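Scroll down for the structure; my scribbles are underneath it.
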Amino acid sequence: MSNDVHLPEATATGVGSMPGGDAREAARVATEASRGMAFLPELPARGPGADMIGRSLGLLAEMYARVEPSGWRFGDRPGRDTRRAWSWLGEDLDALEEFTQGYEGLLKVQAVGPWTLAASVETRHGEAALSDPGAYRDLAASLTEGLSGHLADVRRRVPGAEVVLQLDEPSLTAVLRGQVRTASGYRSHRAVDRAVVESALRELVAAAGVPVTVHSCAPDVPFALLRRAGAAGISFDFALLTERDWDAFGEAAEAGTALFAGVVPGKDAPLSDPAGSVSGVRALWRRLGLAPGALGSAVAVTPSCGLAGASPAYARAALVHCAKAARSLADNPE
């Protein structure tokens, strides 16, 4: 199995989260308004277990968590929060299956990656799993096993699709820099060695059985580390790129890494000319001396982050706008 993502020309997709609690409507929009890459929506407005952390904890194999006043904490057995996560995921998959009858093409599903999970979930002692090497190794192994079953279920439900797994890692840079706060808030957990971070991601990517992309809408996305770990694609907020990221962006493009540029606001905002939304992408591509003809199939266009905070009408309009902007990149790369 190739771990490459071959983007159709003018691909546009969502990051994952959508507003409201109507699974069927979210699935309809995620499949009809996207272009070239449908996606499985997440609806965090429904409450704990539908949020990105809760959903991903529900995917774990033989590890369970519950909501405490301080947040998610591991426990010994599946409780109400875990069963709720399972139920909502089943509802979302049923809705996706309904709107992807006969679908052939890329289909993206999202899960929180091991490092953001380790930074977000407490052990029984009340500190983040990140503080305990044994805990985050167990978490990574459980996530890897759980995702295997989840991805097999998605492939069974949508047999014509080319499934892509997106790992959401918004805390990855904070983990690498030792910026994840302890439960007291008075200090930070020590930085995790880059080689350890890379190794855990590489093992998950290798075991997934489908191409894996990594998403972060935080600054300083570690492009080079993610590529070494085997990521087939990297998804990011384009507005947060700085000059020091340009070379890493260019190297990823030249290596054939699929780039998912978040350029459309994730919350209600005026949507102007689609070509204007990607003018920065086009300008950077030109500045780096990359081949203009490759732009339309090297870069997919997305919202800057999830759409959970948007109105339903705006969420649909934003995805349609992304599709028009992607078409603009392909038709007018220079």
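So you can find residues: chains in the structure tokens are A, B, ... in the order shown, residues in each start at 1, and ligands are numbered from 1 in order.
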
Exercise. For stretch 308-320 of chain A, please output as a list in words all residues within 8 Å (counting only C-alpha atoms; exclusion window: fewer than 4 positions along the same chain).
Key: Ala12, Thr13, Gly14, Ser17, Met18, Pro19, Gly20, Val29, Ala33, Ser34, Leu43, Pro44, Ala45, Val264, Pro265, Gly266, Lys267, Asp268, Leu271, Thr302, Pro303 and Lys324 of chain A

Create the file for the chosen residues now, containing all heavy atoms and written as a short mmCIF file (atom, residue, chain, number, x, y, z; two decimals), in the first residue's frame.
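This is the output file result_25.cif:
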```cif
data_model
loop_
_atom_site.label_atom_id
_atom_site.label_comp_id
_atom_site.auth_asym_id
_atom_site.auth_seq_id
_atom_site.Cartn_x
_atom_site.Cartn_y
_atom_site.Cartn_z
N ALA A 12 -10.70 20.38 -2.52
CA ALA A 12 -11.06 21.17 -1.35
C ALA A 12 -11.79 20.26 -0.37
O ALA A 12 -12.55 19.38 -0.77
CB ALA A 12 -11.97 22.34 -1.74
N THR A 13 -11.53 20.45 0.91
CA THR A 13 -12.16 19.61 1.93
C THR A 13 -12.28 20.39 3.22
O THR A 13 -11.78 21.51 3.34
CB THR A 13 -11.37 18.30 2.12
OG1 THR A 13 -12.12 17.39 2.93
CG2 THR A 13 -10.01 18.54 2.77
N GLY A 14 -12.93 19.78 4.21
CA GLY A 14 -13.04 20.39 5.52
C GLY A 14 -11.98 19.84 6.45
O GLY A 14 -11.35 18.82 6.17
N SER A 17 -14.53 19.31 12.07
CA SER A 17 -15.70 19.66 12.87
C SER A 17 -16.68 20.52 12.07
O SER A 17 -16.29 21.31 11.21
CB SER A 17 -15.29 20.38 14.15
OG SER A 17 -14.73 21.65 13.87
N MET A 18 -17.96 20.35 12.40
CA MET A 18 -19.05 21.08 11.76
C MET A 18 -19.99 21.57 12.86
O MET A 18 -20.01 21.03 13.97
CB MET A 18 -19.79 20.17 10.79
CG MET A 18 -18.95 19.73 9.59
SD MET A 18 -18.69 21.03 8.36
CE MET A 18 -20.29 21.01 7.53
N PRO A 19 -20.81 22.59 12.57
CA PRO A 19 -21.71 23.12 13.59
C PRO A 19 -22.96 22.27 13.78
O PRO A 19 -23.32 21.46 12.93
CB PRO A 19 -22.08 24.50 13.04
CG PRO A 19 -21.97 24.35 11.55
CD PRO A 19 -20.85 23.38 11.33
N GLY A 20 -23.62 22.48 14.93
CA GLY A 20 -24.91 21.85 15.17
C GLY A 20 -24.81 20.40 15.59
O GLY A 20 -23.73 19.89 15.92
N VAL A 29 -23.53 17.89 3.75
CA VAL A 29 -22.68 19.02 3.38
C VAL A 29 -21.24 18.58 3.17
O VAL A 29 -20.57 19.00 2.22
CB VAL A 29 -22.76 20.12 4.46
CG1 VAL A 29 -21.76 21.23 4.18
CG2 VAL A 29 -24.18 20.70 4.52
N ALA A 33 -20.52 19.48 -0.57
CA ALA A 33 -19.88 20.79 -0.73
C ALA A 33 -18.37 20.69 -0.89
O ALA A 33 -17.73 21.59 -1.42
CB ALA A 33 -20.22 21.70 0.46
N SER A 34 -17.77 19.59 -0.39
CA SER A 34 -16.35 19.38 -0.59
C SER A 34 -16.10 19.03 -2.05
O SER A 34 -17.01 18.62 -2.77
CB SER A 34 -15.84 18.26 0.31
OG SER A 34 -16.02 18.59 1.66
N LEU A 43 -19.26 16.60 15.34
CA LEU A 43 -20.25 17.58 15.79
C LEU A 43 -20.10 17.81 17.29
O LEU A 43 -20.89 17.32 18.10
CB LEU A 43 -21.66 17.10 15.45
CG LEU A 43 -21.93 16.88 13.95
CD1 LEU A 43 -23.29 16.22 13.74
CD2 LEU A 43 -21.86 18.21 13.20
N PRO A 44 -19.10 18.58 17.71
CA PRO A 44 -18.83 18.75 19.14
C PRO A 44 -19.91 19.47 19.92
O PRO A 44 -19.96 19.37 21.15
CB PRO A 44 -17.51 19.54 19.17
CG PRO A 44 -17.41 20.17 17.83
CD PRO A 44 -18.09 19.24 16.87
N ALA A 45 -20.83 20.17 19.24
CA ALA A 45 -21.89 20.87 19.96
C ALA A 45 -22.80 19.91 20.72
O ALA A 45 -23.52 20.32 21.64
CB ALA A 45 -22.73 21.71 18.98
N VAL A 264 -9.57 29.83 4.48
CA VAL A 264 -10.91 30.41 4.62
C VAL A 264 -11.26 30.44 6.10
O VAL A 264 -11.09 29.44 6.80
CB VAL A 264 -11.94 29.58 3.82
CG1 VAL A 264 -13.34 30.10 4.04
CG2 VAL A 264 -11.59 29.60 2.33
N PRO A 265 -11.74 31.57 6.63
CA PRO A 265 -12.03 31.66 8.08
C PRO A 265 -12.94 30.54 8.56
O PRO A 265 -13.89 30.15 7.88
CB PRO A 265 -12.70 33.03 8.22
CG PRO A 265 -12.17 33.83 7.08
CD PRO A 265 -12.00 32.86 5.94
N GLY A 266 -12.66 30.04 9.76
CA GLY A 266 -13.45 28.95 10.32
C GLY A 266 -14.72 29.41 11.02
O GLY A 266 -15.55 28.59 11.40
N LYS A 267 -14.87 30.71 11.23
CA LYS A 267 -16.09 31.27 11.81
C LYS A 267 -16.68 32.29 10.84
O LYS A 267 -15.98 32.80 9.97
CB LYS A 267 -15.78 31.92 13.16
CG LYS A 267 -15.33 30.90 14.20
CD LYS A 267 -15.10 31.55 15.55
CE LYS A 267 -14.68 30.51 16.58
NZ LYS A 267 -14.43 31.12 17.91
N ASP A 268 -17.95 32.58 11.02
CA ASP A 268 -18.66 33.45 10.08
C ASP A 268 -17.87 34.73 9.78
O ASP A 268 -17.47 35.44 10.71
CB ASP A 268 -20.03 33.82 10.64
CG ASP A 268 -20.97 32.64 10.69
OD1 ASP A 268 -20.50 31.52 11.02
OD2 ASP A 268 -22.17 32.81 10.42
N LEU A 271 -17.08 36.38 2.81
CA LEU A 271 -16.31 35.58 1.86
C LEU A 271 -16.21 36.36 0.56
O LEU A 271 -17.21 36.57 -0.12
CB LEU A 271 -16.98 34.22 1.64
CG LEU A 271 -17.02 33.30 2.87
CD1 LEU A 271 -17.85 32.06 2.60
CD2 LEU A 271 -15.61 32.93 3.30
N THR A 302 -8.63 24.36 2.32
CA THR A 302 -9.51 24.04 3.44
C THR A 302 -9.82 25.30 4.23
O THR A 302 -9.17 26.33 4.05
CB THR A 302 -8.84 23.03 4.41
OG1 THR A 302 -7.84 23.70 5.19
CG2 THR A 302 -8.22 21.86 3.68
N PRO A 303 -10.80 25.23 5.14
CA PRO A 303 -10.92 26.30 6.14
C PRO A 303 -9.66 26.33 7.01
O PRO A 303 -8.91 25.35 7.09
CB PRO A 303 -12.15 25.89 6.95
CG PRO A 303 -12.91 24.96 6.05
CD PRO A 303 -11.87 24.23 5.27
N LYS A 324 -14.23 26.61 -4.86
CA LYS A 324 -14.01 27.61 -5.91
C LYS A 324 -12.57 28.14 -5.87
O LYS A 324 -11.96 28.36 -6.92
CB LYS A 324 -15.00 28.76 -5.75
CG LYS A 324 -16.44 28.38 -6.03
CD LYS A 324 -17.37 29.56 -5.78
CE LYS A 324 -18.82 29.20 -6.09
NZ LYS A 324 -19.75 30.32 -5.76
#
```

Self-check item: Test item: residues at most 7 Å from stretch 207-213 of chain A, only C-alpha atoms, excluding those fewer than 5 positions along its chain, as a list in words
Solution: Asn3, Asp4, Val5, Thr144, Ser148, Val163, Val164, Leu165, Gln166, Leu167, Ala231, Ala232, Gly233 and Ile234 of chain A

Quiz prompt | Nearest candidate to A:Asp22 (options A:Ala85, A:Val109, A:Leu59, A:Ala95; using only C-alpha atoms) | solution =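 Between A:Ala85, A:Val109, A:Leu59, A:Ala95, the residue approaching A:Asp22 most closely is A:Ala95.
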
Practice problem: Measure the distance from atom CA of A:Ala10 to atom CA of A:Gly160 in Å and round it to one decimal. | Solution: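 Going from atom CA of A:Ala10 over to atom CA of A:Gly160 covers 20.5 Å.
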
Quiz item: What gap, in Å, lies between atom CA of A:Leu226 and atom CA of A:Glu169?
Solution: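 So the answer is 10.6 Å.
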
Find the residues around A:Arg282 up to 7 Å (only C-alpha atoms counted), leave out those fewer than 3 positions away in its own chain, and share them as an mmCIF file with N, CA, C and O atoms, in the first residue's frame.
```
data_model
loop_
_atom_site.group_PDB
_atom_site.id
_atom_site.type_symbol
_atom_site.label_atom_id
_atom_site.label_comp_id
_atom_site.auth_asym_id
_atom_site.auth_seq_id
_atom_site.Cartn_x
_atom_site.Cartn_y
_atom_site.Cartn_z
ATOM 1 N N VAL A 278 -6.765 32.557 -2.081
ATOM 2 C CA VAL A 278 -5.547 31.752 -2.280
ATOM 3 C C VAL A 278 -4.419 32.566 -2.901
ATOM 4 O O VAL A 278 -3.419 32.000 -3.345
ATOM 5 N N SER A 279 -4.552 33.877 -2.897
ATOM 6 C CA SER A 279 -3.494 34.700 -3.508
ATOM 7 C C SER A 279 -2.168 34.536 -2.772
ATOM 8 O O SER A 279 -1.091 34.536 -3.387
ATOM 9 N N TRP A 285 4.160 30.109 -3.635
ATOM 10 C CA TRP A 285 4.572 29.099 -4.617
ATOM 11 C C TRP A 285 5.525 29.725 -5.640
ATOM 12 O O TRP A 285 6.573 29.152 -5.966
ATOM 13 N N ARG A 286 5.155 30.897 -6.090
ATOM 14 C CA ARG A 286 5.979 31.605 -7.077
ATOM 15 C C ARG A 286 7.314 32.037 -6.457
ATOM 16 O O ARG A 286 8.380 31.887 -7.058
ATOM 17 N N PRO A 333 -2.531 29.169 -11.898
ATOM 18 C CA PRO A 333 -1.482 28.977 -10.890
ATOM 19 C C PRO A 333 -0.506 30.139 -10.780
ATOM 20 O O PRO A 333 0.176 30.283 -9.765
ATOM 21 N N GLU A 334 -0.441 30.954 -11.813
ATOM 22 C CA GLU A 334 0.508 32.078 -11.765
ATOM 23 C C GLU A 334 -0.240 33.404 -11.580
ATOM 24 O O GLU A 334 0.372 34.437 -11.473
#
```

Quiz prompt | Test item, strand (DSSP E) assignment across stretch 23-146 of chain A, answer as number ranges by chain | solution = A: 37-39, 64-68, 71-75, 105-112

Exercise. Pick out the residues sitting within 8 Å of stretch 249-252 of chain A, and hand them over as a PyMOL selection string; count only C-alpha atoms, and ignore anything fewer than 2 positions along from it in its own chain.
Key: chain A and resi 223-224+227+245-247+254-259+285+288+290

Quiz item: To one decimal place, how far is atom CA of A:Arg66 from atom CA of A:Arg24 in Å?
Solution: 26.8 Å

Exercise. From a DSSP calculation on the backbone, collect every residue of stretch 109-297 of chain A in alpha helix (DSSP H) and output the set as a PyMOL selection string.
Key: chain A and resi 114-120+133-157+172-177+194-208+223-228+246-254+274-277+279-287+295-297

Practice problem: Identify which of the residues A:Pro48, A:Glu98, A:His321, A:Glu62 lies closest to A:Arg80, counting only C-alpha atoms when measuring atom-to-atom distances. | Solution: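 Among the listed residues, A:Pro48 lies closest to A:Arg80.
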